[in-house]
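Pasted below: input.cif, mmCIF, C-alpha atoms.
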```cif
data_model
#
loop_
_atom_site.label_atom_id
_atom_site.label_comp_id
_atom_site.auth_asym_id
_atom_site.auth_seq_id
_atom_site.Cartn_x
_atom_site.Cartn_y
_atom_site.Cartn_z
CA MET H 598 30.56 44.82 -9.58
CA ARG H 599 29.36 47.71 -11.77
CA TRP H 600 31.71 50.06 -9.90
CA LEU H 601 34.70 47.69 -9.99
CA PRO H 602 36.11 49.17 -13.26
CA PHE H 603 36.25 52.66 -11.74
CA VAL H 604 37.81 51.33 -8.54
CA ALA H 605 40.43 49.44 -10.56
CA MET H 606 41.28 52.50 -12.65
CA GLY H 607 41.51 54.66 -9.53
CA ILE H 608 43.97 52.26 -7.92
CA VAL H 609 46.04 52.07 -11.12
CA GLY H 610 46.07 55.87 -11.50
CA LEU H 611 47.13 56.43 -7.89
CA SER H 612 49.86 53.80 -8.19
CA ASP H 613 51.15 55.43 -11.37
CA LEU H 614 51.32 58.84 -9.70
CA LEU H 615 53.19 57.51 -6.67
CA ALA H 616 55.58 55.29 -8.63
CA GLY H 617 57.02 58.05 -10.77
CA PRO H 618 58.03 57.96 -14.45
CA GLU H 619 60.43 55.04 -14.04
CA LEU H 620 57.73 52.48 -13.15
CA ARG H 621 54.68 52.80 -15.37
CA PHE H 622 51.29 51.41 -14.33
CA ARG H 623 49.31 53.24 -17.02
CA PRO H 624 48.86 50.20 -19.32
CA LEU H 625 46.86 48.54 -16.52
CA LEU H 626 44.14 51.15 -17.05
CA ALA H 627 42.86 48.77 -19.75
CA LEU H 628 41.50 46.63 -16.89
CA GLY H 629 38.68 49.17 -16.55
CA PRO H 630 36.90 48.53 -19.88
CA ALA H 631 37.80 44.83 -19.69
CA PHE H 632 35.99 44.49 -16.34
CA ALA H 633 33.11 46.65 -17.57
CA ALA H 634 32.48 44.28 -20.50
CA LEU H 635 31.75 41.50 -18.00
CA TRP H 636 29.03 43.23 -16.00
CA CYS H 637 28.02 46.54 -17.62
CA GLY H 638 26.01 47.54 -20.65
CA MET H 639 27.37 49.07 -23.86
CA ARG H 640 27.02 52.69 -22.76
CA ARG H 641 28.62 52.17 -19.39
CA THR H 642 31.43 50.15 -20.96
CA ALA H 643 32.08 52.93 -23.47
CA LEU H 644 32.04 55.49 -20.64
CA VAL H 645 34.59 53.42 -18.69
CA GLY H 646 36.77 53.12 -21.80
CA ILE H 647 36.69 56.87 -22.46
CA ALA H 648 37.55 57.48 -18.81
CA ALA H 649 40.47 55.06 -19.03
CA VAL H 650 41.91 56.70 -22.16
CA SER H 651 41.39 60.19 -20.69
CA LEU H 652 43.11 59.18 -17.45
CA GLY H 653 45.95 57.69 -19.50
CA VAL H 654 46.39 60.97 -21.37
CA LEU H 655 46.42 62.97 -18.11
CA LEU H 656 48.97 60.66 -16.49
CA SER H 657 51.12 60.74 -19.63
CA SER H 658 51.04 64.53 -19.60
CA TYR H 659 51.95 64.57 -15.91
CA HIS H 660 55.00 62.40 -16.57
CA HIS H 661 55.88 64.36 -19.78
CA ALA H 662 55.40 61.24 -21.90
CA LEU H 663 52.94 62.61 -24.50
CA GLY H 664 54.19 62.29 -28.04
CA LYS H 665 56.59 59.49 -27.27
CA ARG H 666 56.22 56.50 -29.51
CA GLN H 667 55.78 53.89 -26.78
CA ASN H 668 53.25 56.01 -24.90
CA THR H 669 51.27 56.64 -28.09
CA LEU H 670 51.11 52.88 -28.74
CA MET H 671 49.88 52.38 -25.19
CA LEU H 672 47.04 54.88 -25.67
CA ALA H 673 46.11 53.27 -29.01
CA MET H 674 46.04 49.88 -27.31
CA MET H 675 43.68 51.20 -24.62
CA ALA H 676 41.41 52.68 -27.28
CA GLY H 677 41.37 49.35 -29.13
CA ILE H 678 40.55 47.44 -25.93
CA THR H 679 37.72 49.90 -25.28
CA VAL H 680 36.18 49.25 -28.71
CA ALA H 681 36.55 45.48 -28.28
CA SER H 682 35.01 45.67 -24.80
CA VAL H 683 31.98 47.55 -26.14
CA PHE H 684 31.37 44.86 -28.77
CA ALA H 685 31.89 42.14 -26.15
CA SER H 686 29.36 43.81 -23.86
CA SER H 687 26.86 43.98 -26.71
CA GLY H 688 27.29 40.28 -27.47
CA ARG H 689 26.97 39.37 -23.80
CA GLN H 690 23.72 41.30 -23.47
CA LYS H 691 22.27 39.55 -26.52
CA ARG H 692 23.19 36.14 -25.11
CA GLU H 693 21.67 37.06 -21.75
CA ARG H 694 18.40 38.07 -23.42
CA LEU H 695 18.37 34.83 -25.42
CA LEU H 696 19.09 32.80 -22.27
CA ALA H 697 16.25 34.57 -20.45
CA GLU H 698 13.84 33.65 -23.27
CA VAL H 699 15.03 30.03 -23.29
CA ARG H 700 14.63 29.82 -19.53
CA SER H 701 11.09 31.17 -19.74
CA VAL H 702 10.25 28.46 -22.29
CA ALA H 703 11.92 25.86 -20.05
CA GLU H 704 9.83 27.01 -17.10
CA VAL H 705 6.67 26.46 -19.14
CA ALA H 706 7.92 23.03 -20.25
CA GLN H 707 8.65 22.13 -16.65
CA ARG H 708 5.16 23.07 -15.52
CA VAL H 709 3.67 20.98 -18.33
CA LEU H 710 5.88 17.93 -17.81
CA LEU H 711 6.32 17.96 -14.02
CA ARG H 712 3.30 19.79 -12.72
CA PRO H 713 3.19 20.83 -9.07
CA VAL H 714 1.39 18.18 -7.04
CA PRO H 715 -1.26 19.12 -4.48
CA ARG H 716 -0.10 19.00 -0.87
CA ARG H 717 -3.29 17.24 0.20
CA VAL H 718 -5.17 14.90 -2.07
CA GLY H 719 -7.73 12.38 -0.90
CA PRO H 720 -6.58 10.52 2.22
CA VAL H 721 -2.88 11.39 1.85
CA HIS H 722 -0.47 14.28 2.18
CA VAL H 723 2.09 14.46 -0.67
CA ALA H 724 5.46 16.18 -1.04
CA VAL H 725 7.85 16.06 -4.01
CA SER H 726 11.55 16.81 -4.50
CA TYR H 727 13.35 16.77 -7.85
CA THR H 728 17.06 17.37 -8.38
CA SER H 729 18.44 17.37 -11.93
CA ALA H 730 22.01 16.28 -12.56
CA THR H 731 22.27 18.66 -15.53
CA ALA H 732 23.58 22.10 -14.66
CA GLU H 733 20.96 24.86 -14.88
CA ALA H 734 18.24 22.31 -15.63
CA ARG H 735 15.14 21.41 -13.63
CA ILE H 736 13.81 18.51 -15.62
CA GLY H 737 15.39 15.31 -16.88
CA GLY H 738 14.65 11.62 -17.30
CA ASP H 739 12.96 11.13 -13.93
CA LEU H 740 9.20 11.56 -13.69
CA TYR H 741 6.37 11.67 -11.18
CA GLU H 742 2.64 12.37 -11.13
CA VAL H 743 -0.28 12.23 -8.69
CA ALA H 744 -3.87 11.76 -9.83
CA SER H 745 -7.04 11.70 -7.72
CA THR H 746 -9.39 9.16 -9.33
CA ARG H 747 -12.55 7.26 -8.43
CA SER H 748 -10.38 4.29 -7.46
CA GLY H 749 -8.27 6.38 -5.10
CA VAL H 750 -5.13 8.46 -5.33
CA ARG H 751 -2.85 7.00 -7.99
CA VAL H 752 0.86 7.83 -8.10
CA ILE H 753 3.67 7.07 -10.51
CA VAL H 754 7.41 7.62 -10.04
CA GLY H 755 9.70 6.50 -12.86
CA ASP H 756 13.14 6.74 -14.38
CA VAL H 757 13.86 6.76 -18.11
CA GLN H 758 17.00 5.04 -19.33
CA GLY H 759 19.45 7.55 -20.74
CA LYS H 760 19.75 11.32 -20.46
CA GLY H 761 19.19 14.44 -22.49
CA LEU H 762 16.25 15.59 -24.56
CA GLU H 763 15.40 12.05 -25.69
CA ALA H 764 14.89 10.99 -22.09
CA VAL H 765 12.73 14.06 -21.44
CA GLU H 766 10.55 13.24 -24.47
CA THR H 767 10.12 9.65 -23.29
CA ALA H 768 9.20 10.88 -19.80
CA ALA H 769 6.59 13.14 -21.36
CA ALA H 770 5.10 10.16 -23.24
CA VAL H 771 4.89 8.09 -20.03
CA LEU H 772 3.26 10.92 -18.09
CA GLY H 773 0.79 11.62 -20.87
CA ALA H 774 -0.29 7.98 -20.97
CA PHE H 775 -0.54 7.78 -17.18
CA ARG H 776 -2.63 10.94 -16.91
CA GLU H 777 -5.21 9.46 -19.27
CA ALA H 778 -5.16 5.86 -18.09
CA ALA H 779 -5.23 6.67 -14.37
CA TYR H 780 -8.81 7.97 -14.70
CA ASP H 781 -10.05 5.33 -17.14
CA GLU H 782 -8.60 1.99 -16.02
CA ALA H 783 -10.11 -0.02 -13.17
CA ASP H 784 -6.77 -1.24 -11.77
CA LEU H 785 -3.04 -0.53 -11.99
CA THR H 786 -2.48 -3.42 -14.39
CA GLY H 787 -4.63 -1.66 -16.96
CA VAL H 788 -2.74 1.59 -16.40
CA VAL H 789 0.58 -0.18 -17.05
CA ALA H 790 -0.83 -1.76 -20.22
CA ARG H 791 -1.80 1.67 -21.54
CA ILE H 792 1.66 3.04 -20.78
CA GLU H 793 3.26 0.05 -22.52
CA THR H 794 1.15 0.73 -25.60
CA ALA H 795 2.28 4.35 -25.67
CA LEU H 796 5.94 3.37 -25.24
CA SER H 797 5.77 0.70 -27.94
CA ARG H 798 5.24 3.46 -30.50
CA ARG H 799 8.25 5.37 -29.22
CA LEU H 800 10.95 3.16 -27.73
CA SER H 801 13.24 1.08 -29.90
CA GLY H 802 16.01 -1.40 -29.21
CA GLU H 803 16.81 -1.93 -25.54
CA LYS H 804 15.42 1.34 -24.22
CA PHE H 805 13.21 1.06 -21.14
CA VAL H 806 11.59 2.90 -18.26
CA THR H 807 11.53 1.71 -14.65
CA ALA H 808 8.51 2.79 -12.61
CA VAL H 809 6.51 2.25 -9.44
CA LEU H 810 2.76 2.81 -9.45
CA ALA H 811 0.79 3.11 -6.23
CA GLU H 812 -2.89 3.35 -5.40
CA PHE H 813 -4.00 4.82 -2.07
CA ASP H 814 -7.65 4.33 -1.08
CA ASP H 815 -9.56 5.01 2.12
CA GLY H 816 -8.43 1.71 3.69
CA ASP H 817 -5.31 0.94 5.69
CA THR H 818 -3.42 -0.55 2.73
CA VAL H 819 -1.72 0.63 -0.43
CA THR H 820 -1.55 -1.26 -3.71
CA LEU H 821 1.81 -1.19 -5.48
CA LEU H 822 2.96 -2.28 -8.91
CA ASN H 823 6.72 -2.33 -9.45
CA CYS H 824 8.22 -2.42 -12.96
CA GLY H 825 11.93 -2.94 -12.33
CA HIS H 826 12.18 0.09 -10.04
CA PRO H 827 13.81 0.45 -6.60
CA SER H 828 11.35 -0.65 -3.93
CA PRO H 829 9.57 2.10 -1.99
CA LEU H 830 10.62 2.74 1.60
CA LEU H 831 7.73 2.29 4.06
CA LEU H 832 7.97 3.96 7.47
CA SER H 833 5.52 3.01 10.17
CA ARG H 834 4.19 5.52 12.65
CA GLY H 835 6.78 4.29 15.14
CA GLY H 836 9.63 5.18 12.78
CA VAL H 837 10.61 1.68 11.63
CA GLY H 838 11.59 1.62 7.95
CA VAL H 839 11.25 -1.37 5.61
CA PHE H 840 11.41 -1.69 1.84
CA ALA H 841 8.11 -2.73 0.24
CA GLU H 842 9.59 -5.29 -2.15
CA PRO H 843 7.43 -7.29 -4.58
CA GLU H 844 7.39 -11.06 -4.55
CA ASP H 845 8.44 -11.32 -8.20
CA VAL H 846 10.84 -8.99 -9.99
CA ALA H 847 9.03 -7.63 -13.03
CA PRO H 848 10.81 -6.14 -16.07
CA PRO H 849 10.83 -2.40 -16.75
CA LEU H 850 8.33 -0.79 -19.07
CA GLY H 851 9.32 -1.35 -22.67
CA LEU H 852 10.87 -4.79 -22.02
CA THR H 853 7.84 -6.80 -20.92
CA GLU H 854 7.50 -8.44 -24.35
CA LEU H 855 10.97 -9.97 -23.99
CA VAL H 856 10.13 -12.02 -20.88
CA ASP H 857 7.21 -14.08 -19.63
CA ILE H 858 6.93 -12.31 -16.27
CA ARG H 859 4.30 -9.61 -16.04
CA PRO H 860 4.15 -6.98 -13.31
CA CYS H 861 1.59 -7.94 -10.68
CA PRO H 862 0.06 -5.66 -8.06
CA TYR H 863 0.78 -6.37 -4.40
CA THR H 864 -0.59 -4.86 -1.21
CA VAL H 865 1.16 -3.61 1.92
CA GLY H 866 -0.17 -2.05 5.10
CA PHE H 867 -0.41 1.72 5.22
CA ALA H 868 -2.12 2.90 8.40
CA PRO H 869 -2.79 6.51 9.44
CA GLY H 870 0.50 8.24 10.25
CA ASP H 871 2.56 5.89 8.07
CA ARG H 872 4.78 7.28 5.35
CA MET H 873 6.01 5.94 2.05
CA LEU H 874 9.00 7.28 0.14
CA ILE H 875 9.03 6.50 -3.58
CA TYR H 876 12.32 7.50 -5.20
CA THR H 877 14.54 6.95 -8.24
CA ASP H 878 17.95 5.30 -8.35
CA GLY H 879 19.65 8.69 -8.36
CA VAL H 880 19.08 8.70 -4.58
CA VAL H 881 20.35 5.25 -3.57
CA GLU H 882 23.16 5.24 -6.15
CA ALA H 883 24.56 8.60 -5.07
CA ARG H 884 28.22 8.01 -4.13
CA ASP H 885 30.55 9.88 -1.86
CA GLY H 886 34.24 10.55 -2.51
CA GLU H 887 35.13 6.99 -1.51
CA GLY H 888 32.55 5.38 -3.80
CA ARG H 889 30.06 4.44 -1.07
CA PHE H 890 26.35 4.48 -1.95
CA TYR H 891 23.93 6.66 -0.05
CA PRO H 892 22.57 4.64 2.93
CA LEU H 893 18.89 5.45 2.56
CA ALA H 894 17.79 2.83 5.09
CA ASP H 895 19.98 4.47 7.74
CA ARG H 896 18.45 7.88 7.10
CA CYS H 897 14.86 7.04 8.04
CA GLY H 898 15.11 9.41 10.97
CA LEU H 899 15.17 12.38 8.57
CA LEU H 900 11.65 11.50 7.43
CA LYS H 901 10.16 11.71 10.93
CA VAL H 902 9.69 15.47 10.59
CA PRO H 903 5.93 16.21 10.81
CA ASP H 904 5.91 18.32 7.63
CA PRO H 905 6.57 16.02 4.61
CA GLU H 906 7.97 18.87 2.52
CA ARG H 907 10.48 19.79 5.19
CA ALA H 908 11.37 16.11 5.64
CA LEU H 909 12.12 15.75 1.93
CA GLU H 910 14.21 18.92 1.94
CA GLU H 911 16.31 17.59 4.82
CA LEU H 912 16.75 14.27 3.01
CA ARG H 913 17.74 16.04 -0.22
CA THR H 914 20.27 18.18 1.68
CA ASP H 915 21.71 15.03 3.25
CA VAL H 916 22.08 13.36 -0.17
CA LEU H 917 23.92 16.39 -1.56
CA HIS H 918 26.15 16.47 1.51
CA HIS H 919 26.90 12.77 1.00
CA VAL H 920 28.07 13.28 -2.59
CA GLY H 921 29.89 16.51 -1.82
CA GLY H 922 27.61 19.07 -3.44
CA ARG H 923 26.38 17.76 -6.78
CA ILE H 924 24.78 14.52 -7.92
CA THR H 925 25.66 12.70 -11.13
CA ASP H 926 22.15 11.38 -11.87
CA ASP H 927 18.67 12.84 -11.63
CA ALA H 928 17.02 12.21 -8.28
CA ALA H 929 13.25 12.34 -7.73
CA MET H 930 11.59 11.68 -4.39
CA LEU H 931 7.90 11.56 -3.54
CA LEU H 932 6.82 11.26 0.09
CA VAL H 933 3.26 10.20 0.91
CA ARG H 934 1.79 10.32 4.42
CA ARG H 935 -1.53 8.79 5.39
CA ARG H 936 -3.61 11.56 6.95
#
```
structure tokens encoding of this file:
Amino acid sequence: MRWLPFVAMGIVGLSDLLAGPELRFRPLLALGPAFAALWCGMRRTALVGIAAVSLGVLLSSYHHALGKRQNTLMLAMMAGITVASVFASSGRQKRERLLAEVRSVAEVAQRVLLRPVPRRVGPVHVAVSYTSATAEARIGGDLYEVASTRSGVRVIVGDVQGKGLEAVETAAAVLGAFREAAYDEADLTGVVARIETALSRRLSGEKFVTAVLAEFDDGDTVTLLNCGHPSPLLLSRGGVGVFAEPEDVAPPLGLTELVDIRPCPYTVGFAPGDRMLIYTDGVVEARDGEGRFYPLADRCGLLKVPDPERALEELRTDVLHHVGGRITDDAAMLLVRRR
């Protein structure tokens, strides 16, 4: 693309020579500095502009048009476009440097908020996939974390109501509370209570956070605690998929004081070779062009791949193919396999 301005000016110059004085292509030489402003630096843009004006003068001399009023205006216009292109290139370079700095800060924020999870932790193998609905963003209102504690491997996957920076700040508060409580509390109920305390100082009105907490120990079971979140998908070693639904529907975090129901832990079987997919509603609520939701239960076969990370990547690709290329809501998926 850096050579496109010179190619364009060469084509324009050749066309002007072959067309003769009756049909003038010389004004199109201004495409050179205009293209250069999009991809080149200030010096290269100025060089392209000088080349365009010089080529315009040579072509004008060849056609005996120098000194004519209309031709002089054309050359002045090309000089003006060159100056404007140089300033435009300078502004573009400044914005690119600023964007690079902002992206570097965003990368640090991402590593702090959504830290990479270990592939193997305790008795399980873990893989994570996160797709943000915001263009050029990698973090949003969905959250996940894995912690290896004395009680076992504790996991949280959640979804903050709303979008934007406010949702990201709320997700950071939930993760901060979980990272402390997961090591201190004896059970998942205590962990949820600590998260509720942290959210009570932040959330207001009808804001809430849905979440699933899981505890994997050395046995053949997993303890789950569901706070208004989509039920995890459990796949047995034989490939049969069922949703691990709780007996009672508990309210999301931030709304437990409004109802009498409290989230209660429940246990499901999780033998060696079994897999559990914990996800956010951005996966199951992904719609295709006809408004149909993504059929997660029918896609269990994609999770049979031995490598959990590859299995999640195939599932993510299938979700994007279902919606036609881009999702409208953040989608987080965490796949756990009993080693």
- Task: Determine the nearest neighbour of H:Val837 from the options H:Ala894, H:Ala769, H:Ala883, H:Ile875, counting only C-alpha atoms.
- Result: H:Ala894
- the PyMOL selection byres ((chain H and resi 839) around 10) applied to the shown file, residues as number ranges by chain: H: 828-833, 836-838, 840-842, 873, 894, 897
- May I ask for the distance between atom CA of H:Leu785 and atom CA of H:Asp845, given in Å to one decimal place?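 Spanning atom CA of H:Leu785 to atom CA of H:Asp845 is a straight-line distance of 16.2 Å.
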- Task: Could you please give me, as a PyMOL selection string, the residues of protein, DNA or RNA lying at most 9 Å from (31.9, 47.0, -25.7) in the coordinate frame of the file, considering only C-alpha atoms?
- Result: chain H and resi 630-631+633-634+637-643+646+678-688
- Message: Selection in question (the file shown): the PyMOL selection byres ((chain H and resi 876) around 7). Which residues does it include, as a list in words?
- Response: Val754, Pro829, Leu874, Ile875, Thr877, Asp878, Val880, Ala929, Met930 and Leu931 of chain H
Can you spit out the residues from that selection as a JSON list (two decimals), keeping the file's coordinate frame, using C-alpha atoms?
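Written output follows (selection-v3.json):
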```
[["chain", "number", "residue", "atom", "x", "y", "z"],
["H", 754, "VAL", "CA", 7.41, 7.62, -10.04],
["H", 829, "PRO", "CA", 9.57, 2.10, -1.99],
["H", 874, "LEU", "CA", 9.00, 7.28, 0.14],
["H", 875, "ILE", "CA", 9.03, 6.50, -3.58],
["H", 877, "THR", "CA", 14.54, 6.95, -8.24],
["H", 878, "ASP", "CA", 17.95, 5.30, -8.35],
["H", 880, "VAL", "CA", 19.08, 8.70, -4.58],
["H", 929, "ALA", "CA", 13.25, 12.34, -7.73],
["H", 930, "MET", "CA", 11.59, 11.68, -4.39],
["H", 931, "LEU", "CA", 7.90, 11.56, -3.54]]
```
Just so the selection is clear, what residues does the PyMOL selection byres ((chain H and resi 714-722) around 12) cover here, as a compact mmCIF listing (two decimals) with C-alpha atoms, keeping the file's coordinate frame?
```txt
# COMPACT_ATOMS: atom_id res chain seq x y z
CA ARG H 708 5.16 23.07 -15.52
CA VAL H 709 3.67 20.98 -18.33
CA LEU H 710 5.88 17.93 -17.81
CA LEU H 711 6.32 17.96 -14.02
CA ARG H 712 3.30 19.79 -12.72
CA PRO H 713 3.19 20.83 -9.07
CA VAL H 723 2.09 14.46 -0.67
CA ALA H 724 5.46 16.18 -1.04
CA VAL H 725 7.85 16.06 -4.01
CA SER H 726 11.55 16.81 -4.50
CA TYR H 741 6.37 11.67 -11.18
CA GLU H 742 2.64 12.37 -11.13
CA VAL H 743 -0.28 12.23 -8.69
CA ALA H 744 -3.87 11.76 -9.83
CA SER H 745 -7.04 11.70 -7.72
CA THR H 746 -9.39 9.16 -9.33
CA ARG H 747 -12.55 7.26 -8.43
CA SER H 748 -10.38 4.29 -7.46
CA GLY H 749 -8.27 6.38 -5.10
CA VAL H 750 -5.13 8.46 -5.33
CA ARG H 751 -2.85 7.00 -7.99
CA VAL H 752 0.86 7.83 -8.10
CA ILE H 753 3.67 7.07 -10.51
CA GLU H 812 -2.89 3.35 -5.40
CA PHE H 813 -4.00 4.82 -2.07
CA ASP H 814 -7.65 4.33 -1.08
CA ASP H 815 -9.56 5.01 2.12
CA GLY H 816 -8.43 1.71 3.69
CA ASP H 817 -5.31 0.94 5.69
CA THR H 818 -3.42 -0.55 2.73
CA VAL H 819 -1.72 0.63 -0.43
CA PHE H 867 -0.41 1.72 5.22
CA ALA H 868 -2.12 2.90 8.40
CA PRO H 869 -2.79 6.51 9.44
CA GLY H 870 0.50 8.24 10.25
CA ASP H 871 2.56 5.89 8.07
CA ARG H 872 4.78 7.28 5.35
CA MET H 873 6.01 5.94 2.05
CA LEU H 874 9.00 7.28 0.14
CA PRO H 903 5.93 16.21 10.81
CA ASP H 904 5.91 18.32 7.63
CA PRO H 905 6.57 16.02 4.61
CA GLU H 906 7.97 18.87 2.52
CA LEU H 931 7.90 11.56 -3.54
CA LEU H 932 6.82 11.26 0.09
CA VAL H 933 3.26 10.20 0.91
CA ARG H 934 1.79 10.32 4.42
CA ARG H 935 -1.53 8.79 5.39
CA ARG H 936 -3.61 11.56 6.95
```
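Pairwise distance (atom CA of H:Gly886, atom CA of H:Arg923) equals 11.5 Å.
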- In Å, with one decimal, what is the gap from atom CA of H:Pro849 to atom CA of H:Asn823? 8.4 Å
- Task: For stretch 658-662 of chain H, please output as a ChimeraX atom specification all residues within 12 Å (counting all atoms listed in the file; exclusion window: fewer than 2 positions along the same chain).
- Result: /H:610,613-623,651-656,664-672
Coordinates of box centre and edge lengths for stretch 718-723 of chain H, 6 Å on every side, axis-aligned, as lines of an AutoDock Vina configuration file:
```
center_x = -2.8
center_y = 12.7
center_z = 0.1
size_x = 21.8
size_y = 16.4
size_z = 16.3
```
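When only C-alpha atoms are used to compute distances to H:Leu644, the closest of the residues H:Glu854, H:Ala676, H:Leu695, H:Leu900 turns out to be H:Ala676.
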- Nearest residue to H:Asp756 from the set H:Gly773, H:Pro827, H:Pro848, H:Pro843 (distances using all atoms listed in the file):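 Between H:Gly773, H:Pro827, H:Pro848, H:Pro843, the residue approaching H:Asp756 most closely is H:Pro827.
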- Item | From H:Leu663, H:Val881, H:Leu626, H:Leu800, residue lying nearest H:Leu850 [only C-alpha atoms] | H:Leu800
- Message: Under the rule that only C-alpha atoms are counted, which of H:Pro624, H:Leu852, H:Asp781, H:Arg694 is the nearest residue to H:Met674?
- Response: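 Residue with the minimum atom-to-atom distance to H:Met674: H:Pro624.
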- Exercise: H:Arg896 partners within 10 Å, only C-alpha atoms, chain neighbours under 6 positions left out, as a PyMOL selection string: chain H and resi 838+912+915-916
- Message: List the spatial neighbours of stretch 598-601 of chain H as a PyMOL selection string - criterion: any atom at most 9 Å away, all atoms listed in the file, same-chain residues fewer than 2 positions off excluded.
- Response: chain H and resi 603-606+629+632-633+636-637+641
Take the point (-5.8, 5.0, -17.7) in the file's coordinates, draw a sphere of radius 12 Å around it, and report as a PDB file with C-alpha atoms, in the coordinates of the input every protein, DNA or RNA residue with an atom inside or on it, counting all atoms listed in the file.
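Full text of selection36.pdb as output:
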```pdb
ATOM      1  CA  ALA H 744      -3.870  11.760  -9.830  1.00  0.00           C
ATOM      2  CA  THR H 746      -9.390   9.160  -9.330  1.00  0.00           C
ATOM      3  CA  ARG H 747     -12.550   7.260  -8.430  1.00  0.00           C
ATOM      4  CA  SER H 748     -10.380   4.290  -7.460  1.00  0.00           C
ATOM      5  CA  ARG H 751      -2.850   7.000  -7.990  1.00  0.00           C
ATOM      6  CA  VAL H 771       4.890   8.090 -20.030  1.00  0.00           C
ATOM      7  CA  LEU H 772       3.260  10.920 -18.090  1.00  0.00           C
ATOM      8  CA  GLY H 773       0.790  11.620 -20.870  1.00  0.00           C
ATOM      9  CA  ALA H 774      -0.290   7.980 -20.970  1.00  0.00           C
ATOM     10  CA  PHE H 775      -0.540   7.780 -17.180  1.00  0.00           C
ATOM     11  CA  ARG H 776      -2.630  10.940 -16.910  1.00  0.00           C
ATOM     12  CA  GLU H 777      -5.210   9.460 -19.270  1.00  0.00           C
ATOM     13  CA  ALA H 778      -5.160   5.860 -18.090  1.00  0.00           C
ATOM     14  CA  ALA H 779      -5.230   6.670 -14.370  1.00  0.00           C
ATOM     15  CA  TYR H 780      -8.810   7.970 -14.700  1.00  0.00           C
ATOM     16  CA  ASP H 781     -10.050   5.330 -17.140  1.00  0.00           C
ATOM     17  CA  GLU H 782      -8.600   1.990 -16.020  1.00  0.00           C
ATOM     18  CA  ALA H 783     -10.110  -0.020 -13.170  1.00  0.00           C
ATOM     19  CA  ASP H 784      -6.770  -1.240 -11.770  1.00  0.00           C
ATOM     20  CA  LEU H 785      -3.040  -0.530 -11.990  1.00  0.00           C
ATOM     21  CA  THR H 786      -2.480  -3.420 -14.390  1.00  0.00           C
ATOM     22  CA  GLY H 787      -4.630  -1.660 -16.960  1.00  0.00           C
ATOM     23  CA  VAL H 788      -2.740   1.590 -16.400  1.00  0.00           C
ATOM     24  CA  VAL H 789       0.580  -0.180 -17.050  1.00  0.00           C
ATOM     25  CA  ALA H 790      -0.830  -1.760 -20.220  1.00  0.00           C
ATOM     26  CA  ARG H 791      -1.800   1.670 -21.540  1.00  0.00           C
ATOM     27  CA  ILE H 792       1.660   3.040 -20.780  1.00  0.00           C
ATOM     28  CA  GLU H 793       3.260   0.050 -22.520  1.00  0.00           C
ATOM     29  CA  THR H 794       1.150   0.730 -25.600  1.00  0.00           C
ATOM     30  CA  ALA H 795       2.280   4.350 -25.670  1.00  0.00           C
TER      31      ALA H 795
END
```
